[in-house]
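*Asks:* What follows is target02.txt; its format and atoms are compact mmCIF, N, CA and C atoms.
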```txt
# COMPACT_ATOMS: atom_id res chain seq x y z
N ASN O 1 -18.44 -19.41 -5.71
CA ASN O 1 -18.36 -19.65 -7.14
C ASN O 1 -17.03 -20.35 -7.43
N PRO O 2 -17.03 -21.48 -8.11
CA PRO O 2 -15.78 -22.20 -8.37
C PRO O 2 -14.79 -21.45 -9.26
N SER O 3 -15.25 -20.41 -9.98
CA SER O 3 -14.33 -19.65 -10.83
C SER O 3 -13.63 -18.53 -10.06
N ASP O 4 -14.01 -18.31 -8.82
CA ASP O 4 -13.37 -17.25 -8.03
C ASP O 4 -11.95 -17.63 -7.66
N GLY O 5 -11.00 -16.86 -8.18
CA GLY O 5 -9.61 -17.05 -7.80
C GLY O 5 -9.19 -16.06 -6.73
N ALA O 6 -10.08 -15.09 -6.44
CA ALA O 6 -9.73 -14.06 -5.46
C ALA O 6 -10.92 -13.76 -4.56
N VAL O 7 -10.62 -13.63 -3.29
CA VAL O 7 -11.59 -13.13 -2.31
C VAL O 7 -10.86 -12.03 -1.55
N VAL O 8 -11.35 -10.80 -1.70
CA VAL O 8 -10.75 -9.66 -1.02
C VAL O 8 -11.66 -9.27 0.14
N CYS O 9 -11.05 -9.12 1.30
CA CYS O 9 -11.80 -8.72 2.50
C CYS O 9 -11.17 -7.45 3.06
N PHE O 10 -11.94 -6.37 3.07
CA PHE O 10 -11.50 -5.12 3.69
C PHE O 10 -12.21 -5.00 5.03
N ILE O 11 -11.45 -4.73 6.08
CA ILE O 11 -12.02 -4.52 7.40
C ILE O 11 -11.58 -3.13 7.87
N GLY O 12 -12.55 -2.24 8.04
CA GLY O 12 -12.27 -0.91 8.56
C GLY O 12 -12.42 -0.90 10.07
N ARG O 13 -11.43 -0.30 10.75
CA ARG O 13 -11.44 -0.27 12.22
C ARG O 13 -11.16 1.15 12.70
N PRO O 14 -11.75 1.55 13.81
CA PRO O 14 -11.45 2.87 14.36
C PRO O 14 -10.00 2.94 14.83
N ARG O 15 -9.37 4.08 14.55
CA ARG O 15 -8.01 4.34 15.03
C ARG O 15 -8.09 5.00 16.41
N ASN O 16 -7.02 4.90 17.15
CA ASN O 16 -7.00 5.48 18.50
C ASN O 16 -6.57 6.94 18.53
N ILE O 17 -6.20 7.50 17.38
CA ILE O 17 -5.77 8.90 17.30
C ILE O 17 -6.47 9.58 16.13
N ASP O 18 -6.98 10.80 16.35
CA ASP O 18 -7.53 11.61 15.26
C ASP O 18 -7.08 13.05 15.48
N ASN O 19 -6.33 13.57 14.52
CA ASN O 19 -5.79 14.93 14.62
C ASN O 19 -5.06 15.17 15.94
N GLY O 20 -4.28 14.18 16.35
CA GLY O 20 -3.48 14.31 17.55
C GLY O 20 -4.22 14.07 18.86
N ARG O 21 -5.51 13.78 18.79
CA ARG O 21 -6.30 13.53 20.00
C ARG O 21 -6.55 12.04 20.16
N GLU O 22 -6.47 11.55 21.40
CA GLU O 22 -6.73 10.14 21.66
C GLU O 22 -8.23 9.87 21.57
N VAL O 23 -8.59 8.93 20.71
CA VAL O 23 -9.99 8.52 20.55
C VAL O 23 -10.24 7.34 21.47
N LEU O 24 -11.31 7.41 22.27
CA LEU O 24 -11.65 6.33 23.20
C LEU O 24 -12.51 5.27 22.52
N TYR O 25 -13.51 5.71 21.76
CA TYR O 25 -14.39 4.81 21.01
C TYR O 25 -15.23 5.65 20.06
N LEU O 26 -15.96 4.99 19.17
CA LEU O 26 -16.86 5.66 18.23
C LEU O 26 -18.28 5.16 18.44
N GLU O 27 -19.24 5.99 18.04
CA GLU O 27 -20.63 5.56 17.94
C GLU O 27 -21.11 5.92 16.55
N TYR O 28 -21.74 4.94 15.88
CA TYR O 28 -22.27 5.14 14.54
C TYR O 28 -23.78 5.21 14.59
N GLU O 29 -24.33 6.14 13.80
CA GLU O 29 -25.77 6.24 13.60
C GLU O 29 -26.02 6.28 12.10
N ALA O 30 -27.22 5.89 11.71
CA ALA O 30 -27.55 5.89 10.28
C ALA O 30 -29.03 6.12 10.09
N HIS O 31 -29.36 6.64 8.93
CA HIS O 31 -30.74 6.60 8.45
C HIS O 31 -30.84 5.23 7.80
N GLN O 32 -31.32 4.23 8.56
CA GLN O 32 -31.14 2.84 8.17
C GLN O 32 -31.75 2.48 6.83
N SER O 33 -32.99 2.87 6.56
CA SER O 33 -33.60 2.47 5.29
C SER O 33 -32.88 3.12 4.11
N MET O 34 -32.48 4.38 4.27
CA MET O 34 -31.73 5.04 3.19
C MET O 34 -30.34 4.42 3.04
N ALA O 35 -29.70 4.07 4.16
CA ALA O 35 -28.37 3.47 4.10
C ALA O 35 -28.41 2.13 3.38
N ILE O 36 -29.40 1.31 3.69
CA ILE O 36 -29.53 0.01 3.03
C ILE O 36 -29.77 0.20 1.54
N LYS O 37 -30.63 1.14 1.19
CA LYS O 37 -30.91 1.41 -0.23
C LYS O 37 -29.65 1.87 -0.96
N GLU O 38 -28.91 2.78 -0.36
CA GLU O 38 -27.70 3.30 -1.00
C GLU O 38 -26.61 2.24 -1.09
N LEU O 39 -26.44 1.44 -0.04
CA LEU O 39 -25.45 0.35 -0.09
C LEU O 39 -25.80 -0.66 -1.17
N THR O 40 -27.09 -0.96 -1.31
CA THR O 40 -27.53 -1.88 -2.36
C THR O 40 -27.19 -1.32 -3.74
N THR O 41 -27.41 -0.03 -3.92
CA THR O 41 -27.09 0.63 -5.20
C THR O 41 -25.58 0.57 -5.47
N ILE O 42 -24.78 0.83 -4.45
CA ILE O 42 -23.32 0.80 -4.61
C ILE O 42 -22.85 -0.61 -4.97
N MET O 43 -23.38 -1.61 -4.30
CA MET O 43 -22.98 -2.99 -4.61
C MET O 43 -23.40 -3.36 -6.04
N GLN O 44 -24.57 -2.92 -6.47
CA GLN O 44 -25.02 -3.21 -7.83
C GLN O 44 -24.10 -2.53 -8.85
N LYS O 45 -23.72 -1.28 -8.57
CA LYS O 45 -22.78 -0.57 -9.47
C LYS O 45 -21.45 -1.31 -9.55
N ALA O 46 -20.96 -1.81 -8.41
CA ALA O 46 -19.69 -2.55 -8.40
C ALA O 46 -19.81 -3.81 -9.26
N LEU O 47 -20.93 -4.50 -9.15
CA LEU O 47 -21.15 -5.71 -9.96
C LEU O 47 -21.20 -5.38 -11.45
N GLU O 48 -21.72 -4.20 -11.80
CA GLU O 48 -21.82 -3.79 -13.20
C GLU O 48 -20.50 -3.24 -13.75
N GLN O 49 -19.74 -2.52 -12.92
CA GLN O 49 -18.55 -1.82 -13.40
C GLN O 49 -17.27 -2.65 -13.35
N PHE O 50 -17.26 -3.69 -12.54
CA PHE O 50 -16.07 -4.51 -12.38
C PHE O 50 -16.41 -5.95 -12.69
N THR O 51 -15.42 -6.70 -13.12
CA THR O 51 -15.63 -8.11 -13.43
C THR O 51 -15.49 -8.90 -12.12
N ILE O 52 -16.55 -8.81 -11.32
CA ILE O 52 -16.58 -9.52 -10.04
C ILE O 52 -17.82 -10.42 -10.02
N ASN O 53 -17.79 -11.40 -9.14
CA ASN O 53 -18.91 -12.34 -9.05
C ASN O 53 -19.87 -12.01 -7.92
N ASP O 54 -19.36 -11.42 -6.84
CA ASP O 54 -20.23 -11.12 -5.71
C ASP O 54 -19.56 -10.09 -4.81
N CYS O 55 -20.38 -9.42 -4.01
CA CYS O 55 -19.85 -8.50 -3.00
C CYS O 55 -20.87 -8.38 -1.88
N ILE O 56 -20.35 -8.10 -0.70
CA ILE O 56 -21.20 -7.90 0.46
C ILE O 56 -20.57 -6.82 1.33
N VAL O 57 -21.43 -6.02 1.96
CA VAL O 57 -20.98 -4.96 2.86
C VAL O 57 -21.76 -5.06 4.16
N VAL O 58 -21.04 -5.00 5.27
CA VAL O 58 -21.68 -4.96 6.59
C VAL O 58 -21.07 -3.77 7.34
N HIS O 59 -21.93 -2.87 7.82
CA HIS O 59 -21.47 -1.72 8.60
C HIS O 59 -22.17 -1.74 9.95
N ARG O 60 -21.39 -1.68 10.99
CA ARG O 60 -21.96 -1.68 12.34
C ARG O 60 -22.57 -0.33 12.69
N LEU O 61 -23.52 -0.37 13.60
CA LEU O 61 -24.09 0.83 14.19
C LEU O 61 -23.92 0.72 15.70
N GLY O 62 -24.04 1.85 16.38
CA GLY O 62 -23.84 1.86 17.82
C GLY O 62 -22.37 2.01 18.17
N ARG O 63 -22.05 1.62 19.39
CA ARG O 63 -20.68 1.79 19.89
C ARG O 63 -19.73 0.77 19.24
N VAL O 64 -18.58 1.28 18.82
CA VAL O 64 -17.51 0.44 18.28
C VAL O 64 -16.22 0.86 18.99
N ASP O 65 -15.62 -0.06 19.70
CA ASP O 65 -14.38 0.23 20.41
C ASP O 65 -13.19 0.25 19.46
N ILE O 66 -12.12 0.89 19.89
CA ILE O 66 -10.89 0.97 19.10
C ILE O 66 -10.43 -0.45 18.76
N GLY O 67 -10.10 -0.65 17.49
CA GLY O 67 -9.60 -1.94 17.03
C GLY O 67 -10.67 -2.93 16.60
N GLN O 68 -11.93 -2.67 16.95
CA GLN O 68 -13.01 -3.55 16.50
C GLN O 68 -13.39 -3.20 15.06
N ALA O 69 -13.96 -4.14 14.36
CA ALA O 69 -14.40 -3.89 12.99
C ALA O 69 -15.63 -2.99 12.99
N SER O 70 -15.58 -1.93 12.18
CA SER O 70 -16.76 -1.08 11.99
C SER O 70 -17.42 -1.34 10.64
N VAL O 71 -16.62 -1.73 9.65
CA VAL O 71 -17.16 -2.05 8.33
C VAL O 71 -16.37 -3.22 7.74
N VAL O 72 -17.09 -4.12 7.08
CA VAL O 72 -16.46 -5.26 6.40
C VAL O 72 -17.00 -5.29 4.98
N ILE O 73 -16.08 -5.37 4.02
CA ILE O 73 -16.43 -5.48 2.60
C ILE O 73 -15.74 -6.72 2.06
N ILE O 74 -16.52 -7.60 1.45
CA ILE O 74 -15.96 -8.81 0.85
C ILE O 74 -16.35 -8.82 -0.62
N VAL O 75 -15.35 -9.03 -1.47
CA VAL O 75 -15.56 -9.07 -2.92
C VAL O 75 -14.92 -10.35 -3.46
N THR O 76 -15.66 -11.06 -4.31
CA THR O 76 -15.11 -12.25 -4.97
C THR O 76 -15.04 -12.00 -6.47
N ALA O 77 -13.99 -12.53 -7.08
CA ALA O 77 -13.78 -12.36 -8.52
C ALA O 77 -12.84 -13.43 -9.03
N MET O 78 -12.80 -13.54 -10.34
CA MET O 78 -11.89 -14.49 -10.96
C MET O 78 -10.44 -14.07 -10.71
N HIS O 79 -10.19 -12.73 -10.74
CA HIS O 79 -8.84 -12.20 -10.62
C HIS O 79 -8.77 -11.15 -9.52
N ARG O 80 -7.64 -11.06 -8.84
CA ARG O 80 -7.49 -10.19 -7.69
C ARG O 80 -7.60 -8.70 -8.03
N LYS O 81 -7.10 -8.29 -9.19
CA LYS O 81 -7.11 -6.86 -9.53
C LYS O 81 -8.53 -6.32 -9.52
N GLU O 82 -9.45 -7.03 -10.13
CA GLU O 82 -10.85 -6.58 -10.16
C GLU O 82 -11.44 -6.58 -8.75
N ALA O 83 -11.10 -7.59 -7.96
CA ALA O 83 -11.63 -7.65 -6.59
C ALA O 83 -11.11 -6.48 -5.76
N TYR O 84 -9.82 -6.17 -5.86
CA TYR O 84 -9.25 -5.03 -5.13
C TYR O 84 -9.89 -3.72 -5.60
N ASN O 85 -9.98 -3.53 -6.91
CA ASN O 85 -10.55 -2.29 -7.44
C ASN O 85 -12.00 -2.11 -7.02
N ALA O 86 -12.77 -3.18 -7.04
CA ALA O 86 -14.18 -3.10 -6.63
C ALA O 86 -14.28 -2.78 -5.14
N SER O 87 -13.44 -3.39 -4.33
CA SER O 87 -13.45 -3.12 -2.90
C SER O 87 -13.14 -1.64 -2.62
N GLN O 88 -12.15 -1.11 -3.31
CA GLN O 88 -11.79 0.32 -3.17
C GLN O 88 -12.96 1.20 -3.59
N PHE O 89 -13.59 0.88 -4.71
CA PHE O 89 -14.75 1.62 -5.19
C PHE O 89 -15.86 1.62 -4.14
N ILE O 90 -16.15 0.47 -3.58
CA ILE O 90 -17.24 0.35 -2.61
C ILE O 90 -16.98 1.20 -1.37
N ILE O 91 -15.79 1.14 -0.79
CA ILE O 91 -15.54 1.93 0.42
C ILE O 91 -15.54 3.42 0.11
N ASP O 92 -15.00 3.81 -1.04
CA ASP O 92 -15.01 5.23 -1.41
C ASP O 92 -16.43 5.74 -1.59
N GLU O 93 -17.27 4.97 -2.28
CA GLU O 93 -18.67 5.38 -2.50
C GLU O 93 -19.45 5.37 -1.19
N LEU O 94 -19.20 4.39 -0.35
CA LEU O 94 -19.87 4.32 0.95
C LEU O 94 -19.60 5.59 1.74
N LYS O 95 -18.34 6.00 1.80
CA LYS O 95 -17.99 7.19 2.58
C LYS O 95 -18.58 8.46 1.98
N LYS O 96 -18.76 8.49 0.66
CA LYS O 96 -19.31 9.68 0.00
C LYS O 96 -20.82 9.79 0.13
N SER O 97 -21.54 8.67 0.05
CA SER O 97 -22.98 8.80 -0.17
C SER O 97 -23.91 8.06 0.79
N VAL O 98 -23.39 7.21 1.64
CA VAL O 98 -24.28 6.46 2.54
C VAL O 98 -24.50 7.27 3.82
N PRO O 99 -25.77 7.47 4.21
CA PRO O 99 -26.06 8.28 5.39
C PRO O 99 -25.75 7.55 6.71
N ILE O 100 -24.44 7.48 6.98
CA ILE O 100 -23.93 6.92 8.24
C ILE O 100 -23.03 7.99 8.85
N TRP O 101 -23.24 8.26 10.13
CA TRP O 101 -22.47 9.28 10.82
C TRP O 101 -21.78 8.65 12.01
N LYS O 102 -20.60 9.18 12.32
CA LYS O 102 -19.88 8.67 13.48
C LYS O 102 -19.58 9.80 14.45
N LYS O 103 -19.64 9.45 15.71
CA LYS O 103 -19.29 10.37 16.78
C LYS O 103 -18.05 9.82 17.47
N GLU O 104 -17.01 10.63 17.49
CA GLU O 104 -15.77 10.24 18.15
C GLU O 104 -15.79 10.73 19.59
N TYR O 105 -15.41 9.85 20.50
CA TYR O 105 -15.36 10.20 21.92
C TYR O 105 -13.91 10.31 22.36
N PHE O 106 -13.60 11.42 23.04
CA PHE O 106 -12.27 11.72 23.55
C PHE O 106 -12.33 11.86 25.07
N ASN O 107 -11.18 11.99 25.71
CA ASN O 107 -11.15 12.26 27.16
C ASN O 107 -11.86 13.56 27.52
N ASP O 108 -11.79 14.53 26.60
CA ASP O 108 -12.31 15.87 26.89
C ASP O 108 -13.55 16.24 26.08
N GLY O 109 -14.29 15.26 25.58
CA GLY O 109 -15.51 15.58 24.83
C GLY O 109 -15.72 14.64 23.66
N SER O 110 -16.53 15.12 22.71
CA SER O 110 -16.85 14.30 21.54
C SER O 110 -17.13 15.21 20.36
N GLN O 111 -17.14 14.61 19.15
CA GLN O 111 -17.46 15.37 17.94
C GLN O 111 -18.05 14.43 16.90
N TRP O 112 -19.01 14.96 16.12
CA TRP O 112 -19.60 14.21 15.02
C TRP O 112 -18.76 14.38 13.78
N LYS O 113 -18.63 13.29 13.02
CA LYS O 113 -17.92 13.33 11.74
C LYS O 113 -18.74 12.52 10.74
N SER O 114 -18.55 12.80 9.45
CA SER O 114 -19.22 11.98 8.44
C SER O 114 -18.54 10.62 8.40
N GLY O 115 -19.33 9.56 8.02
CA GLY O 115 -18.97 8.15 7.97
C GLY O 115 -17.56 7.82 7.80
```
Turn this file's structure into structure tokens for me.
*Replies:*
Amino acid sequence: NPSDGAVVCFIGRPRNIDNGREVLYLEYEAHQSMAIKELTTIMQKALEQFTINDCIVVHRLGRVDIGQASVVIIVTAMHRKEAYNASQFIIDELKKSVPIWKKEYFNDGSQWKSG
């Protein structure tokens, strides 16, 4: 959109430490049809609640190594403040309501955590 003065890109990546334990990699699983439906709802809410022109969310499933992108959120808007606020809203809502689960793998085992 030629009126977009801001493009905000959030890239979420797995960290190598969780609660003092070294994380080797993550695996993501999802209820895919429900996740797509919920992500679509979240993006629609962002478009309605913020003065933005577009947004897109991509979340990986399967194995994600440390430092690789697990989630990407892109928001375009006329002004940066709205783009930043919408991006924050989207990631917060995604973590609260989208049925995506992650399993953290350590040297001594693994554990499931919410998205």
*Asks:* Using all atoms listed in the file, which of the listed residues (O:Val58, O:Ala46, O:Val7, O:Ile66) sits closest to Phe89 in chain O?
*Replies:*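 Counting all atoms listed in the file, the residue closest to Phe89 in chain O is O:Ala46.
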*Asks:* When distances are computed from all atoms listed in the file, which of O:Ala86, O:Pro99, O:Pro2, O:Cys55 shows the smallest separation from Gln32 in chain O?
*Replies:*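 Smallest separation from Gln32 in chain O among the options: O:Pro99.
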*Asks:* Pick out the residues sitting within 7 Å of Ser114 in chain O, and hand them over as a VMD selection string; count only N, CA and C atoms, and ignore anything fewer than 5 positions along from it in its own chain.
*Replies:* chain O and resid 95 100 to 102
*Asks:* In Å, rounded to a single decimal, give me how far atom N of Ile42 in chain O is from atom N of Ala83 in chain O.
*Replies:*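 Between atom N of Ala83 in chain O and atom N of Ile42 in chain O the gap is 16.4 Å.
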*Asks:* Give the answer as one residue: which of O:Met34, O:Trp112, O:Leu47, O:Phe106 has the shortest atom-to-atom distance to Glu22 in chain O, using only N, CA and C atoms?
*Replies:*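 The shortest atom-to-atom distance to Glu22 in chain O comes from O:Phe106.
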*Asks:* Name the closest residue to Glu27 in chain O among the candidates O:Val98, O:Leu61, O:Met78, O:Ala69; distances are taken between atoms, counting all atoms listed in the file.
*Replies:*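 For Glu27 in chain O, the nearest of the given residues is O:Leu61.
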*Asks:* Name all residues at most 6.5 Å from Leu26 in chain O (count only N, CA and C atoms; drop same-chain ones fewer than 2 positions away) and give them as a ChimeraX atom specification.
*Replies:* /O:24,28,62-66,102-105
*Asks:* Have a look at atom C of Cys9 in chain O and CA of Ser70 in chain O and let me know their distance in Å, one decimal.
*Replies:* 12.3 Å
*Asks:* One decimal, Å: what's the distance from CA of Gly12 in chain O over to CA of Glu38 in chain O, could you say?
*Replies:* 18.6 Å
*Asks:* Please identify all polymer residues within 9 Å of Arg21 in chain O, counting only C-alpha atoms, omitting same-chain residues fewer than 4 positions from it, and present them as a ChimeraX atom specification.
*Replies:* /O:16-17,106-107
*Asks:* Extract, using only N, CA and C atoms, all DNA, RNA and protein residues at most 6 Å from Val72 in chain O, discarding same-chain residues fewer than 4 positions from it, and format them as a PyMOL selection string.
*Replies:* chain O and resi 10-12+56-59
*Asks:* Quick one: 4 Å padding each side, axis-aligned, all listed atoms of range 17-27 of chain O - centre and edge lengths in Å to one decimal, as lines of an AutoDock Vina configuration file?
*Replies:*
```
center_x = -12.3
center_y = 10.0
center_z = 18.9
size_x = 25.6
size_y = 18.4
size_z = 16.7
```
*Asks:* How would range 6-81 of chain O of the given structure read as a file with C-alpha atoms, as an mmCIF file, in the first residue's frame?
*Replies:*
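And here's decode_12.cif as it stands now:
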```
data_model
loop_
_atom_site.group_PDB
_atom_site.id
_atom_site.type_symbol
_atom_site.label_atom_id
_atom_site.label_comp_id
_atom_site.auth_asym_id
_atom_site.auth_seq_id
_atom_site.Cartn_x
_atom_site.Cartn_y
_atom_site.Cartn_z
ATOM 1 C CA ALA O 6 5.730 1.589 8.556
ATOM 2 C CA VAL O 7 6.353 -2.111 8.181
ATOM 3 C CA VAL O 8 6.951 -3.895 11.480
ATOM 4 C CA CYS O 9 8.376 -7.402 11.421
ATOM 5 C CA PHE O 10 8.498 -9.475 14.611
ATOM 6 C CA ILE O 11 10.508 -12.694 14.467
ATOM 7 C CA GLY O 12 10.228 -15.051 17.429
ATOM 8 C CA ARG O 13 13.118 -17.474 17.904
ATOM 9 C CA PRO O 14 13.795 -20.235 20.437
ATOM 10 C CA ARG O 15 16.260 -19.313 23.172
ATOM 11 C CA ASN O 16 19.029 -21.677 24.199
ATOM 12 C CA ILE O 17 18.228 -21.417 27.934
ATOM 13 C CA ASP O 18 14.955 -21.986 29.824
ATOM 14 C CA ASN O 19 14.905 -21.789 33.626
ATOM 15 C CA GLY O 20 18.649 -22.352 33.725
ATOM 16 C CA ARG O 21 18.543 -25.449 31.487
ATOM 17 C CA GLU O 22 20.207 -25.601 28.082
ATOM 18 C CA VAL O 23 17.599 -26.044 25.348
ATOM 19 C CA LEU O 24 18.789 -28.074 22.342
ATOM 20 C CA TYR O 25 15.779 -27.482 20.055
ATOM 21 C CA LEU O 26 11.978 -27.202 20.069
ATOM 22 C CA GLU O 27 9.198 -29.121 18.371
ATOM 23 C CA TYR O 28 5.861 -27.429 17.696
ATOM 24 C CA GLU O 29 2.526 -29.177 17.251
ATOM 25 C CA ALA O 30 -0.867 -27.653 16.571
ATOM 26 C CA HIS O 31 -4.493 -28.434 16.029
ATOM 27 C CA GLN O 32 -4.031 -27.015 12.540
ATOM 28 C CA SER O 33 -7.596 -26.200 11.491
ATOM 29 C CA MET O 34 -8.358 -24.583 14.852
ATOM 30 C CA ALA O 35 -5.028 -22.720 14.823
ATOM 31 C CA ILE O 36 -5.706 -21.286 11.361
ATOM 32 C CA LYS O 37 -9.217 -20.252 12.399
ATOM 33 C CA GLU O 38 -7.982 -18.577 15.588
ATOM 34 C CA LEU O 39 -5.076 -16.820 13.834
ATOM 35 C CA THR O 40 -7.500 -15.512 11.214
ATOM 36 C CA THR O 41 -9.739 -14.159 13.990
ATOM 37 C CA ILE O 42 -6.773 -12.495 15.723
ATOM 38 C CA MET O 43 -5.609 -10.849 12.496
ATOM 39 C CA GLN O 44 -9.147 -9.600 11.808
ATOM 40 C CA LYS O 45 -9.354 -8.141 15.334
ATOM 41 C CA ALA O 46 -6.006 -6.384 14.794
ATOM 42 C CA LEU O 47 -7.289 -4.883 11.541
ATOM 43 C CA GLU O 48 -10.422 -3.650 13.349
ATOM 44 C CA GLN O 49 -8.782 -2.384 16.566
ATOM 45 C CA PHE O 50 -5.705 -0.678 15.133
ATOM 46 C CA THR O 51 -5.219 1.714 12.245
ATOM 47 C CA ILE O 52 -3.241 -0.753 10.156
ATOM 48 C CA ASN O 53 -3.483 -1.727 6.506
ATOM 49 C CA ASP O 54 -2.435 -5.369 6.604
ATOM 50 C CA CYS O 55 -0.983 -8.113 8.763
ATOM 51 C CA ILE O 56 0.281 -11.633 8.283
ATOM 52 C CA VAL O 57 1.330 -14.363 10.705
ATOM 53 C CA VAL O 58 3.378 -17.468 9.941
ATOM 54 C CA HIS O 59 4.086 -20.045 12.664
ATOM 55 C CA ARG O 60 6.265 -23.054 12.024
ATOM 56 C CA LEU O 61 5.428 -26.578 13.101
ATOM 57 C CA GLY O 62 7.806 -29.459 13.680
ATOM 58 C CA ARG O 63 11.414 -29.114 14.745
ATOM 59 C CA VAL O 64 12.856 -25.619 15.135
ATOM 60 C CA ASP O 65 16.517 -25.291 16.059
ATOM 61 C CA ILE O 66 17.858 -22.625 18.404
ATOM 62 C CA GLY O 67 18.074 -19.271 16.631
ATOM 63 C CA GLN O 68 15.747 -20.224 13.776
ATOM 64 C CA ALA O 69 12.488 -18.347 13.289
ATOM 65 C CA SER O 70 9.486 -20.048 14.883
ATOM 66 C CA VAL O 71 6.963 -17.252 14.300
ATOM 67 C CA VAL O 72 6.937 -14.229 11.983
ATOM 68 C CA ILE O 73 4.432 -11.373 12.267
ATOM 69 C CA ILE O 74 4.397 -8.559 9.717
ATOM 70 C CA VAL O 75 2.185 -5.498 10.124
ATOM 71 C CA THR O 76 1.894 -2.540 7.750
ATOM 72 C CA ALA O 77 0.433 0.831 8.670
ATOM 73 C CA MET O 78 0.617 4.501 7.901
ATOM 74 C CA HIS O 79 2.398 5.132 11.232
ATOM 75 C CA ARG O 80 4.816 3.008 13.259
ATOM 76 C CA LYS O 81 3.012 3.291 16.610
#
```
